[in-house]
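The structure appears right after this line, and notes come after that.
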Amino acid sequence: MVMITDLPFDLEKKILALVPKESRPQWQTTCKRWRTLRQDLLSKKHLAQTGREFILLLNSSVFSTTINLQGVHNNVDPVMEFGCKLGSLQDSNDLQIHDIFYCKGLVLCTMVGKQMLVVCNPSNRETRYVEPRTSHGCFEYALGYKGSKSSCVNSYKILRYCRYFDKQLMRTVSEFELYDFMSDSWRVLDVDEHDWEISARGVSVKGNTYWVAKKNEDQFILSFDFTRERFGFLPLPYESAGPEDSMNDEYDDTAVLSVVRDEQLSVLHQYLHLDLFEMKIWVSNMIGTKKVSWGEFLVVDVVLLNVVSFVVDEEHKVAVCCSTGKDDPSDDSEEECTSVSIIGKNIQSLVYDEGAIDGSWPHLMNYVPSPVQILRKSTRKSKRKRSTRRLVKYIN
């Protein structure tokens, strides 16, 4: 006799997708897991019909969201809707998420106040815990894969970049480590001495990671090739501010990276002067860890300070920008807010603006589902036992 737990996950989804919505009272009490999966399928269907899907890290939780941009150039206000919340594991309390990193359908989560990493696939509800080898220092994490085998979890790796002050050496040192999904282990990565610092969140394009970095106030793009396990340097599509400008309180020079269709890199750059607020966005025509060429996507004058993440919509020629800050930065009593705005030619529309938890840092990104399985191979018996610990409860 075939048990419910013996059915392949994809087959369960196909069966439940065929269940009429009107029959919900009859089946929702049959199996709690089926009810949760069915609610997820209905939510995804609704999101697919109403707009473009994103993942948003907001106040230490991750949400699925959509923004309907139809008619945005015809004075139709865009609408942002929240879908399911990626919040709980079945065997633990709600996770407080510090930051997320997206790579080809997988999401790497770092936790608030915890060293443990969580890699999850929202599409098939699987999760995998990864424990760092060391716990000291400030760190950056990135998820990538070698070659073009993004459909196989054994090709994935996690890069850990750690900076801390060594009391014995009496100086700041950097360490680089790689976690291999196949061997389930960390190893130290030998990197030549460097004098650059990462200044903006990284993004993944075709399995490799890219950051905005600085060296002596000069900005550039730092890349990491997960196949060759080597860093590289690429030029930004603009000239960064010189030392004389960086010392000027009336001038700010910021850059943020994003991904287009999982294939191209995008850069948002702001020249923030006393009398000029110019935002420029470029999208790469071609991108590799050694070479890049750029095409201009959007140039607008807009007062939008502290953009921390963004995505571009090529169809509507707009950018969805996520920013954080205060209306009056000098007012210590004023609440920190997170806002999401639609920016385009003659368009500046606010679709979200709410208070933020102290210390939280929002993050908006594109999301494309992937079937890749991230649980380790094991015997049938251990698989069945661990099935109760699979990721995700989606909470409406």
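Identifiers for the structure tokens are assigned positionally: chains receive A, B, ... in sequence, residues are indexed from 1 per chain, and ligands are indexed from 1 in the order shown.
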How would you write, as an MDAnalysis selection string, the set of residues in segment 120-367 of chain A that DSSP gives as strand (DSSP E or B)? chainID A and resid 120:121 126:130 138:145 156:166 171:180 185:188 197:198 203:205 208:215 218:225 230:234 252:260 264:272 277:287 292:301 307:313 318:325 337:344 347:355 363:366
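The closest residue to Gly71 of chain A, picked from A:Cys103, A:Lys157, A:Glu315, A:Val340 and counting only C-alpha atoms, is A:Glu315.
Among the candidate residues A:Asp190, A:Glu314, A:Glu239, A:Glu296, the one lying nearest to Glu177 of chain A is A:Asp190, with distances computed using only C-alpha atoms.
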Write out as a list in words the residues lying within 10 Å of Ser323 of chain A, counting only C-alpha atoms and excluding same-chain residues fewer than 4 positions away. Leu304, Leu305, Asn306, Val307, Val308, Ser309, Phe310, Cys337, Thr338, Ser339, Val340, Ser341, Asp353, Trp361, Pro362, His363 and Leu364 of chain A
Could those selected residues go to a file with N, CA, C and O atoms, as a PDB file, in the first residue's frame?
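This went into part.pdb:
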ATOM      1  N   LEU A 304      15.980  60.118  -3.484  1.00  0.00           N
ATOM      2  CA  LEU A 304      15.740  58.814  -2.869  1.00  0.00           C
ATOM      3  C   LEU A 304      17.048  58.380  -2.224  1.00  0.00           C
ATOM      4  O   LEU A 304      17.950  57.850  -2.868  1.00  0.00           O
ATOM      5  N   LEU A 305      17.167  58.636  -0.931  1.00  0.00           N
ATOM      6  CA  LEU A 305      18.416  58.406  -0.227  1.00  0.00           C
ATOM      7  C   LEU A 305      18.527  56.972   0.255  1.00  0.00           C
ATOM      8  O   LEU A 305      17.540  56.302   0.546  1.00  0.00           O
ATOM      9  N   ASN A 306      19.758  56.514   0.345  1.00  0.00           N
ATOM     10  CA  ASN A 306      20.087  55.224   0.952  1.00  0.00           C
ATOM     11  C   ASN A 306      19.346  54.059   0.315  1.00  0.00           C
ATOM     12  O   ASN A 306      18.673  53.273   0.990  1.00  0.00           O
ATOM     13  N   VAL A 307      19.464  53.909  -0.996  1.00  0.00           N
ATOM     14  CA  VAL A 307      18.935  52.729  -1.685  1.00  0.00           C
ATOM     15  C   VAL A 307      19.818  51.539  -1.331  1.00  0.00           C
ATOM     16  O   VAL A 307      21.028  51.559  -1.564  1.00  0.00           O
ATOM     17  N   VAL A 308      19.231  50.490  -0.754  1.00  0.00           N
ATOM     18  CA  VAL A 308      20.009  49.331  -0.310  1.00  0.00           C
ATOM     19  C   VAL A 308      19.861  48.144  -1.253  1.00  0.00           C
ATOM     20  O   VAL A 308      20.688  47.220  -1.232  1.00  0.00           O
ATOM     21  N   SER A 309      18.811  48.123  -2.079  1.00  0.00           N
ATOM     22  CA  SER A 309      18.636  47.062  -3.077  1.00  0.00           C
ATOM     23  C   SER A 309      17.632  47.538  -4.115  1.00  0.00           C
ATOM     24  O   SER A 309      16.838  48.456  -3.857  1.00  0.00           O
ATOM     25  N   PHE A 310      17.658  46.903  -5.283  1.00  0.00           N
ATOM     26  CA  PHE A 310      16.738  47.292  -6.345  1.00  0.00           C
ATOM     27  C   PHE A 310      16.637  46.165  -7.365  1.00  0.00           C
ATOM     28  O   PHE A 310      17.485  45.263  -7.412  1.00  0.00           O
ATOM     29  N   CYS A 337      12.608  53.907   8.810  1.00  0.00           N
ATOM     30  CA  CYS A 337      11.570  53.361   7.934  1.00  0.00           C
ATOM     31  C   CYS A 337      12.174  52.612   6.754  1.00  0.00           C
ATOM     32  O   CYS A 337      13.299  52.882   6.326  1.00  0.00           O
ATOM     33  N   THR A 338      11.417  51.660   6.246  1.00  0.00           N
ATOM     34  CA  THR A 338      11.743  50.967   5.003  1.00  0.00           C
ATOM     35  C   THR A 338      10.717  51.362   3.954  1.00  0.00           C
ATOM     36  O   THR A 338       9.517  51.343   4.230  1.00  0.00           O
ATOM     37  N   SER A 339      11.184  51.739   2.786  1.00  0.00           N
ATOM     38  CA  SER A 339      10.267  52.136   1.714  1.00  0.00           C
ATOM     39  C   SER A 339      10.615  51.405   0.424  1.00  0.00           C
ATOM     40  O   SER A 339      11.769  51.035   0.187  1.00  0.00           O
ATOM     41  N   VAL A 340       9.594  51.180  -0.394  1.00  0.00           N
ATOM     42  CA  VAL A 340       9.755  50.593  -1.720  1.00  0.00           C
ATOM     43  C   VAL A 340       9.121  51.556  -2.720  1.00  0.00           C
ATOM     44  O   VAL A 340       7.942  51.935  -2.568  1.00  0.00           O
ATOM     45  N   SER A 341       9.894  51.974  -3.719  1.00  0.00           N
ATOM     46  CA  SER A 341       9.437  52.980  -4.679  1.00  0.00           C
ATOM     47  C   SER A 341       9.647  52.492  -6.100  1.00  0.00           C
ATOM     48  O   SER A 341      10.598  51.754  -6.394  1.00  0.00           O
ATOM     49  N   ASP A 353       5.800  51.934   2.721  1.00  0.00           N
ATOM     50  CA  ASP A 353       6.552  52.820   3.611  1.00  0.00           C
ATOM     51  C   ASP A 353       6.098  52.543   5.036  1.00  0.00           C
ATOM     52  O   ASP A 353       5.026  53.000   5.450  1.00  0.00           O
ATOM     53  N   TRP A 361      17.887  45.235   8.066  1.00  0.00           N
ATOM     54  CA  TRP A 361      18.337  45.798   6.795  1.00  0.00           C
ATOM     55  C   TRP A 361      17.534  45.138   5.681  1.00  0.00           C
ATOM     56  O   TRP A 361      17.717  43.958   5.411  1.00  0.00           O
ATOM     57  N   PRO A 362      16.602  45.841   5.045  1.00  0.00           N
ATOM     58  CA  PRO A 362      15.737  45.208   4.047  1.00  0.00           C
ATOM     59  C   PRO A 362      16.513  44.784   2.809  1.00  0.00           C
ATOM     60  O   PRO A 362      17.584  45.318   2.511  1.00  0.00           O
ATOM     61  N   HIS A 363      15.951  43.839   2.075  1.00  0.00           N
ATOM     62  CA  HIS A 363      16.605  43.345   0.873  1.00  0.00           C
ATOM     63  C   HIS A 363      15.537  42.858  -0.094  1.00  0.00           C
ATOM     64  O   HIS A 363      14.785  41.925   0.212  1.00  0.00           O
ATOM     65  N   LEU A 364      15.452  43.482  -1.270  1.00  0.00           N
ATOM     66  CA  LEU A 364      14.499  43.119  -2.314  1.00  0.00           C
ATOM     67  C   LEU A 364      15.252  42.470  -3.462  1.00  0.00           C
ATOM     68  O   LEU A 364      16.279  42.979  -3.899  1.00  0.00           O
TER      69      LEU A 364
END
Which residues come within 8 Å of Val173 of chain A, counting only C-alpha atoms, excluding same-chain residues fewer than 6 positions away, as a PyMOL selection string? chain A and resi 163-166
Go ahead and save the residues from that selection, with all heavy atoms, as a PDB file, in the first residue's frame.
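Result went into again29.pdb, see below:
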ATOM      1  N   ARG A 163      36.575  39.032   8.353  1.00  0.00           N
ATOM      2  CA  ARG A 163      37.583  40.017   8.759  1.00  0.00           C
ATOM      3  C   ARG A 163      37.508  40.190  10.265  1.00  0.00           C
ATOM      4  O   ARG A 163      36.425  40.351  10.828  1.00  0.00           O
ATOM      5  CB  ARG A 163      37.355  41.362   8.064  1.00  0.00           C
ATOM      6  CG  ARG A 163      37.741  41.386   6.612  1.00  0.00           C
ATOM      7  CD  ARG A 163      37.353  42.716   5.977  1.00  0.00           C
ATOM      8  NE  ARG A 163      38.015  43.853   6.604  1.00  0.00           N
ATOM      9  CZ  ARG A 163      39.224  44.290   6.273  1.00  0.00           C
ATOM     10  NH1 ARG A 163      39.930  43.667   5.347  1.00  0.00           N
ATOM     11  NH2 ARG A 163      39.742  45.348   6.864  1.00  0.00           N
ATOM     12  N   TYR A 164      38.651  40.166  10.936  1.00  0.00           N
ATOM     13  CA  TYR A 164      38.666  40.362  12.385  1.00  0.00           C
ATOM     14  C   TYR A 164      40.038  40.861  12.817  1.00  0.00           C
ATOM     15  O   TYR A 164      41.028  40.770  12.070  1.00  0.00           O
ATOM     16  CB  TYR A 164      38.329  39.058  13.116  1.00  0.00           C
ATOM     17  CG  TYR A 164      39.330  37.937  12.904  1.00  0.00           C
ATOM     18  CD1 TYR A 164      40.349  37.697  13.831  1.00  0.00           C
ATOM     19  CD2 TYR A 164      39.261  37.115  11.781  1.00  0.00           C
ATOM     20  CE1 TYR A 164      41.272  36.688  13.638  1.00  0.00           C
ATOM     21  CE2 TYR A 164      40.177  36.104  11.579  1.00  0.00           C
ATOM     22  CZ  TYR A 164      41.177  35.890  12.512  1.00  0.00           C
ATOM     23  OH  TYR A 164      42.096  34.885  12.307  1.00  0.00           O
ATOM     24  N   PHE A 165      40.082  41.379  14.020  1.00  0.00           N
ATOM     25  CA  PHE A 165      41.340  41.893  14.563  1.00  0.00           C
ATOM     26  C   PHE A 165      42.041  40.784  15.338  1.00  0.00           C
ATOM     27  O   PHE A 165      41.505  40.224  16.292  1.00  0.00           O
ATOM     28  CB  PHE A 165      41.087  43.080  15.483  1.00  0.00           C
ATOM     29  CG  PHE A 165      42.339  43.723  15.993  1.00  0.00           C
ATOM     30  CD1 PHE A 165      43.065  44.601  15.196  1.00  0.00           C
ATOM     31  CD2 PHE A 165      42.800  43.448  17.275  1.00  0.00           C
ATOM     32  CE1 PHE A 165      44.224  45.185  15.657  1.00  0.00           C
ATOM     33  CE2 PHE A 165      43.961  44.041  17.745  1.00  0.00           C
ATOM     34  CZ  PHE A 165      44.683  44.917  16.934  1.00  0.00           C
ATOM     35  N   ASP A 166      43.223  40.443  14.875  1.00  0.00           N
ATOM     36  CA  ASP A 166      44.027  39.409  15.527  1.00  0.00           C
ATOM     37  C   ASP A 166      44.869  40.051  16.642  1.00  0.00           C
ATOM     38  O   ASP A 166      45.746  40.880  16.373  1.00  0.00           O
ATOM     39  CB  ASP A 166      44.933  38.728  14.497  1.00  0.00           C
ATOM     40  CG  ASP A 166      45.616  37.488  15.052  1.00  0.00           C
ATOM     41  OD1 ASP A 166      46.284  37.583  16.095  1.00  0.00           O
ATOM     42  OD2 ASP A 166      45.476  36.414  14.436  1.00  0.00           O
TER      43      ASP A 166
END
Closest atom pairs, residues of segment 295-348 of chain A within 12 Å of segment 74-88 of chain A, only C-alpha atoms, as a tab-separated table:
residue	atom	partner	partner_atom	distance
A:His316	CA	A:Asn74	CA	11.1
A:Val318	CA	A:Pro78	CA	11.4
A:Val320	CA	A:Pro78	CA	10.6
A:Ser339	CA	A:Met80	CA	11.6
A:Val340	CA	A:Met80	CA	9.0
A:Ser341	CA	A:Pro78	CA	9.6
A:Ile342	CA	A:Pro78	CA	7.9
A:Ile343	CA	A:Pro78	CA	11.0
A:Asn346	CA	A:Asn75	CA	10.4
A:Ile347	CA	A:Asn75	CA	9.0
A:Gln348	CA	A:Asp77	CA	10.2
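The smallest atom-to-atom distance between Arg133 of chain A and any of A:Tyr145, A:Met111, A:Ser185, A:Val299, using only C-alpha atoms, is found for A:Ser185.
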Near segment 252-258 of chain A, within 10 Å and counting only C-alpha atoms, which residues show up once chain neighbours fewer than 6 positions away are dropped, as a ChimeraX atom specification? /A:199-205,210-213,219-221,236,240-242,245-246,264-274,277,279-283,305-312,364-366
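Shortest atom-to-atom contact with Glu263 of chain A among A:Pro235, A:Lys206, A:Ala319, A:Leu57: A:Lys206, counting only C-alpha atoms.
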Would you list the contacts of segment 93-102 of chain A as number ranges by chain, taking every protein, DNA or RNA residue within 6 Å and counting only C-alpha atoms, but skipping same-chain residues closer than 5 positions in sequence? A: 60-61, 87-88, 107-112
File of the preceding selection, C-alpha atoms, as a PDB file, in the first residue's frame:
ATOM      1  CA  SER A  60      13.939  39.777  10.032  1.00  0.00           C
ATOM      2  CA  SER A  61      11.381  37.791   7.990  1.00  0.00           C
ATOM      3  CA  GLY A  87       9.160  31.984   8.419  1.00  0.00           C
ATOM      4  CA  SER A  88       9.267  28.692  10.328  1.00  0.00           C
ATOM      5  CA  VAL A 107      18.225  31.247  -0.782  1.00  0.00           C
ATOM      6  CA  LEU A 108      21.104  31.402   1.707  1.00  0.00           C
ATOM      7  CA  CYS A 109      19.988  32.851   5.048  1.00  0.00           C
ATOM      8  CA  THR A 110      22.146  34.190   7.857  1.00  0.00           C
ATOM      9  CA  MET A 111      20.489  34.318  11.262  1.00  0.00           C
ATOM     10  CA  VAL A 112      20.188  37.104  13.817  1.00  0.00           C
TER      11      VAL A 112
END
Close residues, Tyr129 of chain A itself excluded, 10 Å, only C-alpha atoms, min 6 positions apart in chain, as an MDAnalysis selection string: chainID A and resid 108:109 116:120 375
Requested write-out: N, CA, C and O atoms of the selected residues, as a PDB file, in the first residue's frame:
ATOM      1  N   LEU A 108      20.209  31.577   0.566  1.00  0.00           N
ATOM      2  CA  LEU A 108      21.104  31.402   1.707  1.00  0.00           C
ATOM      3  C   LEU A 108      20.735  32.441   2.759  1.00  0.00           C
ATOM      4  O   LEU A 108      20.730  33.639   2.481  1.00  0.00           O
ATOM      5  N   CYS A 109      20.420  31.963   3.971  1.00  0.00           N
ATOM      6  CA  CYS A 109      19.988  32.851   5.048  1.00  0.00           C
ATOM      7  C   CYS A 109      21.020  32.862   6.164  1.00  0.00           C
ATOM      8  O   CYS A 109      21.474  31.803   6.603  1.00  0.00           O
ATOM      9  N   MET A 116      24.748  29.689  12.705  1.00  0.00           N
ATOM     10  CA  MET A 116      24.234  28.689  11.781  1.00  0.00           C
ATOM     11  C   MET A 116      23.671  29.335  10.514  1.00  0.00           C
ATOM     12  O   MET A 116      22.967  30.348  10.563  1.00  0.00           O
ATOM     13  N   LEU A 117      23.982  28.718   9.365  1.00  0.00           N
ATOM     14  CA  LEU A 117      23.429  29.143   8.090  1.00  0.00           C
ATOM     15  C   LEU A 117      22.291  28.211   7.699  1.00  0.00           C
ATOM     16  O   LEU A 117      22.285  27.032   8.060  1.00  0.00           O
ATOM     17  N   VAL A 118      21.335  28.746   6.940  1.00  0.00           N
ATOM     18  CA  VAL A 118      20.244  27.934   6.419  1.00  0.00           C
ATOM     19  C   VAL A 118      20.155  28.174   4.918  1.00  0.00           C
ATOM     20  O   VAL A 118      20.052  29.324   4.466  1.00  0.00           O
ATOM     21  N   VAL A 119      20.214  27.093   4.144  1.00  0.00           N
ATOM     22  CA  VAL A 119      20.019  27.157   2.702  1.00  0.00           C
ATOM     23  C   VAL A 119      18.665  26.529   2.412  1.00  0.00           C
ATOM     24  O   VAL A 119      18.399  25.399   2.838  1.00  0.00           O
ATOM     25  N   CYS A 120      17.802  27.251   1.717  1.00  0.00           N
ATOM     26  CA  CYS A 120      16.471  26.710   1.464  1.00  0.00           C
ATOM     27  C   CYS A 120      16.069  26.900   0.011  1.00  0.00           C
ATOM     28  O   CYS A 120      16.587  27.772  -0.690  1.00  0.00           O
ATOM     29  N   LEU A 375      18.662  18.499   0.018  1.00  0.00           N
ATOM     30  CA  LEU A 375      18.893  17.561   1.103  1.00  0.00           C
ATOM     31  C   LEU A 375      19.992  16.591   0.724  1.00  0.00           C
ATOM     32  O   LEU A 375      20.126  16.194  -0.438  1.00  0.00           O
TER      33      LEU A 375
END
